[in-house]
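coords_32.cif follows; it contains mmCIF, C-alpha atoms.
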```cif
data_structure
#
loop_
_atom_site.label_atom_id
_atom_site.label_comp_id
_atom_site.auth_asym_id
_atom_site.auth_seq_id
_atom_site.Cartn_x
_atom_site.Cartn_y
_atom_site.Cartn_z
CA MET A 1 -55.61 37.67 -68.12
CA LYS A 2 -54.94 39.30 -64.74
CA ARG A 3 -54.42 36.78 -61.84
CA LYS A 4 -56.39 37.41 -58.68
CA GLN A 5 -54.10 37.75 -55.60
CA ASN A 6 -55.12 36.08 -52.30
CA ASN A 7 -54.21 38.28 -49.30
CA ALA A 8 -56.45 36.57 -46.79
CA GLY A 9 -53.49 35.21 -44.61
CA PHE A 10 -53.86 32.53 -41.84
CA SER A 11 -57.05 32.06 -39.94
CA LEU A 12 -57.06 32.32 -36.12
CA VAL A 13 -57.68 28.58 -35.87
CA GLU A 14 -54.60 27.87 -37.98
CA VAL A 15 -52.42 30.15 -35.84
CA ILE A 16 -53.63 28.57 -32.60
CA LEU A 17 -53.11 25.08 -33.99
CA SER A 18 -49.57 25.95 -35.14
CA MET A 19 -48.68 27.35 -31.71
CA ALA A 20 -50.01 24.21 -30.02
CA ILE A 21 -47.93 21.98 -32.27
CA LEU A 22 -44.83 24.12 -31.64
CA ALA A 23 -45.40 23.94 -27.87
CA ILE A 24 -45.75 20.15 -27.99
CA ILE A 25 -42.43 19.87 -29.87
CA SER A 26 -40.56 22.49 -27.81
CA ILE A 27 -41.33 21.26 -24.29
CA PRO A 28 -39.34 17.97 -24.61
CA LEU A 29 -36.50 19.86 -26.25
CA LEU A 30 -36.42 22.38 -23.40
CA ASN A 31 -36.45 19.52 -20.88
CA TYR A 32 -33.59 17.84 -22.75
CA PHE A 33 -31.45 20.99 -22.72
CA SER A 34 -32.28 21.63 -19.06
CA ASN A 35 -31.37 18.06 -18.07
CA SER A 36 -28.22 18.24 -20.16
CA MET A 37 -27.10 21.41 -18.38
CA ARG A 38 -27.79 19.84 -14.99
CA TYR A 39 -25.87 16.69 -15.97
CA ASN A 40 -22.88 18.71 -17.21
CA ALA A 41 -22.85 20.72 -13.99
CA MET A 42 -23.03 17.52 -11.94
CA MET A 43 -20.16 15.92 -13.87
CA ALA A 44 -18.05 19.07 -13.47
CA ASP A 45 -18.70 18.97 -9.71
CA LYS A 46 -17.73 15.30 -9.59
CA GLN A 47 -14.54 15.95 -11.57
CA HIS A 48 -13.51 18.78 -9.23
CA ALA A 49 -14.34 16.63 -6.21
CA THR A 50 -12.24 13.76 -7.58
CA VAL A 51 -9.23 16.04 -8.06
CA LEU A 52 -9.63 17.35 -4.50
CA ALA A 53 -9.91 13.81 -3.07
CA GLN A 54 -6.71 12.73 -4.84
CA GLU A 55 -4.87 15.84 -3.62
CA VAL A 56 -5.90 15.20 0.00
CA LEU A 57 -4.91 11.53 -0.33
CA GLU A 58 -1.46 12.35 -1.73
CA GLU A 59 -0.83 14.94 0.99
CA LEU A 60 -1.65 12.36 3.67
CA LYS A 61 0.54 9.70 2.03
CA ASN A 62 3.47 12.14 1.88
CA GLU A 63 3.46 12.59 5.65
CA THR A 64 6.39 10.76 7.27
CA THR A 65 4.22 9.63 10.20
CA LEU A 66 0.48 10.15 9.98
CA VAL A 67 -0.77 8.86 13.34
CA GLN A 68 1.20 10.53 16.15
CA LEU A 69 1.07 10.89 19.92
CA ASP A 70 -0.27 14.34 20.81
CA THR A 71 1.27 15.58 24.07
CA THR A 72 -0.30 19.03 23.97
CA ASN A 73 -2.04 18.06 27.20
CA PRO A 74 0.72 16.30 29.21
CA LEU A 75 -1.88 14.91 31.63
CA SER A 76 -3.80 13.21 28.84
CA PRO A 77 -1.58 12.32 25.85
CA ARG A 78 -3.49 10.74 22.98
CA TYR A 79 -2.97 9.54 19.42
CA THR A 80 -4.43 11.58 16.58
CA VAL A 81 -3.54 12.92 13.12
CA PRO A 82 -1.89 16.33 13.69
CA TYR A 83 -1.62 17.00 9.96
CA LEU A 84 -5.40 17.19 9.63
CA LEU A 85 -5.93 19.17 12.82
CA THR A 86 -3.48 21.86 11.71
CA ARG A 87 -5.52 22.21 8.52
CA HIS A 88 -8.71 22.96 10.45
CA TYR A 89 -10.27 19.50 10.28
CA SER A 90 -12.25 18.55 13.37
CA GLU A 91 -11.94 15.11 14.94
CA GLU A 92 -15.47 13.71 14.89
CA SER A 93 -14.69 10.36 16.51
CA SER A 94 -11.68 8.31 17.58
CA THR A 95 -11.01 4.82 18.96
CA PHE A 96 -7.19 5.14 19.00
CA ASP A 97 -5.91 3.35 22.09
CA ALA A 98 -2.76 3.99 24.15
CA SER A 99 -0.58 2.47 21.39
CA GLY A 100 -2.29 4.26 18.48
CA ILE A 101 -4.37 1.29 17.29
CA GLY A 102 -7.92 2.07 16.20
CA ASN A 103 -9.81 4.38 13.85
CA ALA A 104 -10.53 8.10 13.70
CA VAL A 105 -12.85 10.21 11.53
CA PHE A 106 -12.00 13.83 10.66
CA TYR A 107 -14.37 16.41 9.13
CA GLY A 108 -13.17 19.28 6.98
CA ARG A 109 -15.90 21.87 6.54
CA ALA A 110 -15.58 23.58 3.17
CA ASP A 111 -15.29 27.13 4.52
CA LEU A 112 -12.72 26.21 7.17
CA ILE A 113 -10.41 24.19 4.92
CA GLY A 114 -10.64 26.68 2.06
CA GLU A 115 -12.32 24.37 -0.44
CA GLY A 116 -15.63 24.31 -2.29
CA TYR A 117 -16.55 20.93 -0.84
CA ASP A 118 -16.78 19.17 2.51
CA VAL A 119 -14.15 16.47 3.10
CA VAL A 120 -14.33 13.51 5.48
CA VAL A 121 -11.16 11.51 6.21
CA ASN A 122 -11.11 8.13 7.96
CA VAL A 123 -7.71 6.93 9.24
CA GLY A 124 -7.55 3.34 10.47
CA THR A 125 -4.76 1.41 12.17
CA ASP A 126 -6.99 -1.36 13.55
CA THR A 127 -5.42 -4.80 13.66
CA THR A 128 -8.33 -6.45 11.83
CA SER A 129 -7.60 -4.54 8.61
CA ASN A 130 -3.88 -4.26 9.38
CA PRO A 131 -2.76 -7.52 11.07
CA GLU A 132 0.88 -6.43 10.82
CA ASN A 133 0.10 -3.78 13.46
CA ALA A 134 -0.49 -6.61 15.95
CA THR A 135 2.75 -8.41 15.15
CA GLN A 136 5.68 -8.09 17.50
CA VAL A 137 8.51 -6.42 15.63
CA PRO A 138 12.14 -6.00 16.56
CA GLN A 139 13.50 -2.83 18.06
CA ILE A 140 15.24 -1.03 15.25
CA SER A 141 16.38 2.42 16.24
CA GLY A 142 18.41 4.95 14.40
CA ILE A 143 17.86 3.71 10.83
CA ASP A 144 19.27 6.37 8.54
CA ASP A 145 17.99 6.07 4.96
CA THR A 146 21.09 7.89 3.71
CA ARG A 147 23.35 5.13 5.06
CA ASP A 148 21.11 2.10 5.71
CA VAL A 149 19.05 -0.13 3.41
CA LEU A 150 15.67 -1.39 4.63
CA ALA A 151 14.68 -4.52 2.66
CA MET A 152 11.20 -5.73 3.60
CA GLU A 153 9.17 -8.68 2.32
CA SER A 154 5.83 -7.56 0.88
CA GLY A 155 3.88 -10.40 -0.71
CA GLN A 156 6.64 -12.16 -2.68
CA TYR A 157 5.75 -15.57 -1.21
CA GLN A 158 2.15 -15.38 -2.43
CA GLU A 159 3.39 -14.02 -5.77
CA ALA A 160 5.59 -17.11 -6.27
CA LEU A 161 2.91 -19.52 -5.01
CA VAL A 162 0.39 -18.21 -7.57
CA GLN A 163 3.00 -18.65 -10.32
CA PHE A 164 3.85 -22.23 -9.34
CA LYS A 165 0.18 -23.23 -9.05
CA ALA A 166 -0.45 -21.91 -12.55
CA VAL A 167 2.57 -23.76 -13.99
CA ASN A 168 1.54 -27.05 -12.36
CA ALA A 169 -2.11 -26.69 -13.36
CA ALA A 170 -1.15 -26.06 -17.01
CA TYR A 171 1.21 -29.06 -17.04
CA GLU A 172 -1.29 -31.46 -15.47
CA SER A 173 -4.09 -30.23 -17.73
CA ALA A 174 -1.98 -30.94 -20.81
CA SER A 175 -0.88 -34.37 -19.56
CA GLY A 176 -4.23 -35.44 -18.13
CA GLY A 177 -2.99 -35.53 -14.55
CA THR A 178 -4.25 -34.10 -11.27
CA PRO A 179 -2.75 -30.78 -10.11
CA LEU A 180 -0.83 -30.76 -6.85
CA SER A 181 -2.57 -29.34 -3.81
CA GLU A 182 -1.55 -25.92 -2.59
CA ASP A 183 -0.01 -27.47 0.54
CA ALA A 184 2.04 -29.86 -1.60
CA ILE A 185 3.40 -26.97 -3.66
CA LYS A 186 4.18 -24.98 -0.51
CA GLY A 187 6.14 -27.94 0.83
CA ARG A 188 8.36 -27.97 -2.25
CA MET A 189 9.13 -24.25 -2.37
CA LYS A 190 12.65 -23.06 -1.52
CA ARG A 191 13.71 -19.42 -1.28
CA THR A 192 16.98 -17.63 -1.98
CA ILE A 193 17.43 -14.00 -0.95
CA GLY A 194 20.29 -12.37 -2.83
CA ILE A 195 22.04 -9.24 -1.54
CA ASP A 196 24.14 -7.65 -4.27
CA ILE A 197 26.44 -4.68 -3.55
CA GLN A 198 28.19 -2.95 -6.44
CA LEU A 199 30.14 0.27 -6.84
CA ASN A 200 28.48 2.69 -9.25
CA GLY A 201 30.70 5.76 -9.52
CA ALA A 202 30.61 7.49 -6.15
CA TYR A 203 27.62 5.41 -5.03
CA TYR A 204 27.01 1.95 -3.64
CA ARG A 205 24.19 0.22 -5.51
CA VAL A 206 22.42 -2.28 -3.26
CA LYS A 207 19.77 -4.66 -4.56
CA VAL A 208 18.03 -7.29 -2.43
CA ASN A 209 16.44 -9.90 -4.68
CA CYS A 210 14.13 -12.79 -3.90
CA SER A 211 13.74 -15.98 -5.96
CA TYR A 212 11.86 -19.22 -5.33
CA SER A 213 12.36 -22.70 -6.70
CA CYS A 214 9.84 -25.55 -6.70
CA ALA A 215 10.57 -29.16 -7.63
CA ASP A 216 8.63 -31.49 -9.95
CA LEU A 217 5.91 -29.12 -11.12
CA GLN A 218 6.37 -30.39 -14.68
CA GLY A 219 7.47 -33.97 -14.14
CA THR A 220 9.98 -35.81 -11.99
CA GLY A 221 13.31 -34.08 -11.74
CA SER A 222 12.15 -30.74 -13.12
CA MET A 223 12.92 -27.57 -11.20
CA ASP A 224 10.92 -24.40 -11.78
CA THR A 225 12.23 -21.04 -10.58
CA TYR A 226 10.57 -17.67 -10.21
CA ASP A 227 12.18 -14.27 -9.61
CA CYS A 228 9.96 -12.11 -7.43
CA ALA A 229 9.83 -8.37 -7.05
CA PRO A 230 12.94 -7.23 -5.14
CA PHE A 231 12.79 -6.47 -1.43
CA ALA A 232 14.80 -3.29 -1.99
CA GLU A 233 16.92 -1.42 -4.55
CA GLN A 234 18.85 1.65 -3.47
CA GLN A 235 21.89 3.84 -4.19
CA LEU A 236 23.85 5.34 -1.29
CA GLN A 237 27.00 7.39 -1.00
CA GLU A 238 27.66 5.75 2.36
CA LEU A 239 26.69 2.20 3.32
CA ARG A 240 26.48 1.19 6.97
CA SER A 241 23.80 -1.51 7.47
CA ILE A 242 21.29 -3.67 5.61
CA TYR A 243 18.08 -4.57 7.45
CA LEU A 244 16.40 -7.70 6.03
CA LEU A 245 12.84 -8.07 7.38
CA TYR A 246 11.11 -11.22 6.19
CA TYR A 247 8.55 -13.94 7.00
CA VAL A 248 9.31 -17.65 7.30
CA ASN A 249 7.31 -20.06 5.15
CA GLN A 250 9.92 -22.79 4.55
CA ASP A 251 12.13 -25.00 6.70
CA THR A 252 15.25 -23.38 5.18
CA ASP A 253 16.05 -20.00 3.65
CA ARG A 254 19.27 -19.14 1.85
CA VAL A 255 20.76 -15.64 2.01
CA GLU A 256 23.55 -14.97 -0.47
CA MET A 257 25.61 -11.77 -0.21
CA ASN A 258 27.72 -10.75 -3.18
CA ILE A 259 30.13 -7.82 -2.73
CA GLY A 260 31.44 -6.53 -6.05
CA GLY A 261 34.89 -5.31 -6.98
CA GLY A 262 35.93 -1.91 -5.66
CA VAL A 263 33.51 -2.08 -2.72
CA THR A 264 35.62 -1.24 0.33
CA VAL A 265 32.91 -1.46 3.01
CA THR A 266 31.34 -4.47 4.68
CA PRO A 267 27.90 -3.49 5.99
CA ASP A 268 26.32 -5.03 9.06
CA LEU A 269 23.44 -7.38 8.21
CA TYR A 270 20.29 -7.51 10.34
CA VAL A 271 18.34 -10.74 9.67
CA ILE A 272 14.93 -10.19 11.24
CA CYS A 273 11.98 -12.58 11.26
CA GLN A 274 8.77 -10.54 11.54
CA ASP A 275 6.54 -13.33 12.89
CA PHE A 276 7.52 -16.50 14.74
CA THR A 277 4.05 -18.05 14.97
CA SER A 278 4.74 -20.46 12.09
CA VAL A 279 8.50 -20.95 12.54
CA ASP A 280 9.64 -24.50 13.29
CA ALA A 281 12.37 -25.11 15.84
CA ALA A 282 14.50 -26.78 13.13
CA TYR A 283 14.29 -23.75 10.81
CA GLN A 284 17.62 -22.55 9.36
CA CYS A 285 18.55 -19.29 7.67
CA ARG A 286 21.73 -20.19 5.81
CA PHE A 287 24.09 -17.29 5.12
CA CYS A 288 26.49 -17.52 2.17
CA GLY A 289 28.89 -14.62 2.01
CA SER A 290 31.88 -12.90 3.50
CA SER A 291 32.89 -14.12 6.94
CA SER A 292 33.64 -10.50 7.87
CA VAL A 293 29.95 -9.56 7.74
CA GLN A 294 28.56 -9.00 11.23
CA ILE A 295 25.08 -10.52 11.52
CA TYR A 296 22.48 -9.38 14.04
CA THR A 297 19.34 -11.51 14.29
CA ASN A 298 16.32 -12.49 16.35
CA VAL A 299 16.28 -15.99 14.80
CA GLY A 300 17.29 -18.48 17.50
CA LYS A 301 17.75 -15.66 20.01
CA ASN A 302 15.73 -14.62 23.05
CA SER A 303 13.96 -18.05 23.13
CA ASN A 304 12.93 -17.74 19.48
CA PRO A 305 13.00 -20.86 17.29
CA GLY A 306 15.41 -21.44 14.40
CA GLN A 307 19.07 -20.77 13.77
CA VAL A 308 21.30 -18.66 11.52
CA THR A 309 23.96 -20.93 10.01
CA ASP A 310 26.62 -20.99 7.32
CA GLU A 311 25.86 -22.50 3.92
CA TYR A 312 26.56 -26.00 5.24
CA GLY A 313 24.13 -25.73 8.15
CA LEU A 314 26.72 -25.08 10.86
CA GLY A 315 25.68 -22.48 13.41
CA LEU A 316 27.27 -19.02 13.24
CA SER A 317 28.55 -18.43 16.73
CA GLY A 318 29.29 -14.79 15.96
CA ALA A 319 25.68 -13.87 15.16
CA LYS A 320 24.54 -11.30 17.70
CA GLU A 321 21.12 -10.78 19.23
CA ILE A 322 18.78 -7.89 18.53
CA ILE A 323 16.09 -6.69 20.89
CA ARG A 324 12.44 -7.39 20.18
CA LYS A 325 9.62 -5.03 21.13
CA GLU A 326 5.84 -4.97 21.35
CA ALA A 327 3.43 -4.37 18.49
CA GLU A 328 3.52 -0.92 16.89
CA ILE A 329 1.79 1.00 14.13
CA ARG A 330 3.23 -0.16 10.83
CA LYS A 331 0.42 0.60 8.40
CA ALA A 332 -2.57 2.95 8.25
CA ASN A 333 -5.58 2.76 5.95
CA ILE A 334 -6.81 6.10 4.60
CA GLU A 335 -10.27 6.81 3.18
CA VAL A 336 -11.18 10.23 1.76
CA LYS A 337 -14.77 11.20 0.92
CA VAL A 338 -15.75 14.47 -0.76
CA TYR A 339 -19.30 15.84 -0.36
CA LYS A 340 -21.34 18.75 -1.60
CA LYS A 341 -20.63 21.84 0.50
CA GLY A 342 -22.46 21.67 3.83
CA LYS A 343 -23.71 18.11 3.28
CA ALA A 344 -21.00 15.87 4.74
CA LEU A 345 -22.77 15.37 8.06
CA THR A 346 -26.26 15.05 6.56
CA PRO A 347 -27.60 11.51 7.19
CA GLY A 348 -27.99 9.53 3.98
CA GLU A 349 -26.04 12.01 1.86
CA GLU A 350 -23.91 10.24 -0.77
CA PRO A 351 -20.38 11.58 -1.44
CA TYR A 352 -19.27 12.71 -4.88
CA ILE A 353 -16.24 10.43 -4.67
CA THR A 354 -14.58 7.98 -2.25
CA VAL A 355 -10.87 7.08 -2.57
CA ASN A 356 -8.81 4.66 -0.48
CA THR A 357 -5.15 3.81 0.03
CA ALA A 358 -2.77 2.29 2.59
CA LYS A 359 0.31 4.03 3.98
CA GLY A 360 3.32 2.60 5.75
CA GLU A 361 4.10 4.26 9.06
#
```
Kindly present the structure from the file in structure tokens form.
Amino acid sequence: MKRKQNNAGFSLVEVILSMAILAIISIPLLNYFSNSMRYNAMMADKQHATVLAQEVLEELKNETTLVQLDTTNPLSPRYTVPYLLTRHYSEESSTFDASGIGNAVFYGRADLIGEGYDVVVNVGTDTTSNPENATQVPQISGIDDTRDVLAMESGQYQEALVQFKAVNAAYESASGGTPLSEDAIKGRMKRTIGIDIQLNGAYYRVKVNCSYSCADLQGTGSMDTYDCAPFAEQQLQELRSIYLLYYVNQDTDRVEMNIGGGVTVTPDLYVICQDFTSVDAAYQCRFCGSSSVQIYTNVGKNSNPGQVTDEYGLGLSGAKEIIRKEAEIRKANIEVKVYKKGKALTPGEEPYITVNTAKGE
């Protein structure tokens, strides 16, 4: 029997209904792909902006001195950031005073700085964010990093205090006791600063260590010690001087200098307290080392409290005075913001990325 073939096809209603269903399904998919493309483009922009922000930050950190006195106009010298000005940034605002303390904002328009984004840089040396910029510091001129070692305290005291508080809290928790107060722990802390000089081939290896001890954190008679991050570690072909810049938090500090075999030089030692506001008149910095070391200090000099002594507490009559000076720029905060091209100065515009760092001056 011959089968009858149906060649009628789809009706108009069926075609219209199919197209409607396809449209309903396709519109969300098209929106998804469109949003996905926009998101990918936005993330690519943010990635490029992040790379640019890090590059600008590293370039600023690599400058020897960021905030400098501009004497282009001899009648009106002023502090600014020459590095940014030479790269076509404009100074939008500045509160730098006659000593370079304050804040300044610099704008780098994309076309002028040769980038695809606008960049805004804020450089701050204000004493609120940088209290060390308000501290009187000694006059140290002519430091040569090829012959001199600069050893500077940078948070080691707090580092040790946190460690000792944790040790005491753990001990008292296990024994059912009451942890010591922070002031009680501070009163028990003693510091030793070790200066070690060794000959390493043709070089002098100098390491300035810092360690703290604290009594009775884990019972009567116990003595806990903590080795902090070193103040400095350096290798030099020639060794002339060691500058030790530190803060006083105890009634006595101990400085031990060890000169290894084969070392034929005896460097001058500068013992410099960076802030006398908390130094007691009875404070002693006890030096244990070669009697041939010439010590220069501001401790006990120029009406300052304290005294540099030998290891037995007897004053070193040969310690010489150094000159103190007024506050100076010692640290600058740097903030870099990267914006969409042409949008940096638009009110309410959010940057792609904001990065921050601090730089020693």
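We find CA of Gly108 in chain A and CA of Lys359 in chain A to be spaced 20.6 Å apart.
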Contacts of Glu153 in chain A within 7 Å, only C-alpha atoms, excl. fewer than 2 positions in-chain, as an MDAnalysis selection string: chainID A and resid 151 155:156 231 245:246
Near range 255-279 of chain A, 7 Å: range 293-318 of chain A residue rows, closest pairs, all atoms listed in the file, as CSV:
```
residue,atom,partner,partner_atom,distance
A:Val293,CA,A:Asp268,CA,6.0
A:Gln294,CA,A:Asp268,CA,5.0
A:Ile295,CA,A:Leu269,CA,4.8
A:Tyr296,CA,A:Tyr270,CA,4.7
A:Thr297,CA,A:Val271,CA,4.8
A:Asn298,CA,A:Ile272,CA,5.8
A:Val299,CA,A:Cys273,CA,6.5
A:Pro305,CA,A:Val279,CA,6.5
```
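One distance worth recording is that between CA of Glu182 in chain A and CA of Gly219 in chain A, which is 16.7 Å.
Across the model, the gap from CA of Gly306 in chain A to CA of Asp280 in chain A is 6.6 Å.
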Could you tell me which residues the PyMOL selection byres ((chain A and resi 100) around 12) returns for this structure, as an mmCIF file with C-alpha atoms, keeping the file's coordinate frame?
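Listing of part.cif after writing:
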```
data_model
loop_
_atom_site.group_PDB
_atom_site.id
_atom_site.type_symbol
_atom_site.label_atom_id
_atom_site.label_comp_id
_atom_site.auth_asym_id
_atom_site.auth_seq_id
_atom_site.Cartn_x
_atom_site.Cartn_y
_atom_site.Cartn_z
ATOM 1 C CA THR A 65 4.220 9.630 10.200
ATOM 2 C CA LEU A 66 0.480 10.150 9.980
ATOM 3 C CA VAL A 67 -0.770 8.860 13.340
ATOM 4 C CA GLN A 68 1.200 10.530 16.150
ATOM 5 C CA LEU A 69 1.070 10.890 19.920
ATOM 6 C CA ASP A 70 -0.270 14.340 20.810
ATOM 7 C CA PRO A 77 -1.580 12.320 25.850
ATOM 8 C CA ARG A 78 -3.490 10.740 22.980
ATOM 9 C CA TYR A 79 -2.970 9.540 19.420
ATOM 10 C CA THR A 80 -4.430 11.580 16.580
ATOM 11 C CA VAL A 81 -3.540 12.920 13.120
ATOM 12 C CA SER A 94 -11.680 8.310 17.580
ATOM 13 C CA THR A 95 -11.010 4.820 18.960
ATOM 14 C CA PHE A 96 -7.190 5.140 19.000
ATOM 15 C CA ASP A 97 -5.910 3.350 22.090
ATOM 16 C CA ALA A 98 -2.760 3.990 24.150
ATOM 17 C CA SER A 99 -0.580 2.470 21.390
ATOM 18 C CA ILE A 101 -4.370 1.290 17.290
ATOM 19 C CA GLY A 102 -7.920 2.070 16.200
ATOM 20 C CA ASN A 103 -9.810 4.380 13.850
ATOM 21 C CA ALA A 104 -10.530 8.100 13.700
ATOM 22 C CA VAL A 123 -7.710 6.930 9.240
ATOM 23 C CA GLY A 124 -7.550 3.340 10.470
ATOM 24 C CA THR A 125 -4.760 1.410 12.170
ATOM 25 C CA ASP A 126 -6.990 -1.360 13.550
ATOM 26 C CA THR A 127 -5.420 -4.800 13.660
ATOM 27 C CA ASN A 133 0.100 -3.780 13.460
ATOM 28 C CA ALA A 134 -0.490 -6.610 15.950
ATOM 29 C CA ALA A 327 3.430 -4.370 18.490
ATOM 30 C CA GLU A 328 3.520 -0.920 16.890
ATOM 31 C CA ILE A 329 1.790 1.000 14.130
ATOM 32 C CA ARG A 330 3.230 -0.160 10.830
ATOM 33 C CA LYS A 331 0.420 0.600 8.400
ATOM 34 C CA ALA A 332 -2.570 2.950 8.250
ATOM 35 C CA GLU A 361 4.100 4.260 9.060
#
```
query: Which polymer residues have any atom within 12 Å of an atom of Gly177 in chain A, counting all atoms listed in the file, with same-chain residues fewer than 6 positions away left out, as a ChimeraX atom specification?
result: /A:168-171,217-219
query: Just so the selection is clear, what residues does the PyMOL selection byres ((chain A and resi 150) around 7) cover here, as a PyMOL selection string?
result: chain A and resi 148-149+151-152+232+242-244
Could you write out the selected residues, including C-alpha atoms, as an mmCIF file, in the coordinates of the input?
```cif
data_model
loop_
_atom_site.group_PDB
_atom_site.id
_atom_site.type_symbol
_atom_site.label_atom_id
_atom_site.label_comp_id
_atom_site.auth_asym_id
_atom_site.auth_seq_id
_atom_site.Cartn_x
_atom_site.Cartn_y
_atom_site.Cartn_z
ATOM 1 C CA ASP A 148 21.110 2.100 5.710
ATOM 2 C CA VAL A 149 19.050 -0.130 3.410
ATOM 3 C CA ALA A 151 14.680 -4.520 2.660
ATOM 4 C CA MET A 152 11.200 -5.730 3.600
ATOM 5 C CA ALA A 232 14.800 -3.290 -1.990
ATOM 6 C CA ILE A 242 21.290 -3.670 5.610
ATOM 7 C CA TYR A 243 18.080 -4.570 7.450
ATOM 8 C CA LEU A 244 16.400 -7.700 6.030
#
```
- prompt: Mind telling me what the PyMOL selection byres ((chain A and resi 194) around 10) catches here, as number ranges by chain?
  reply: A: 191-193, 195-197, 207-211, 230-231, 254-258, 288
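Using all atoms listed in the file, the smallest distance between any of A:Ile353, A:Ile185, A:Met223, A:Leu314 and Asp45 in chain A comes from A:Ile353.
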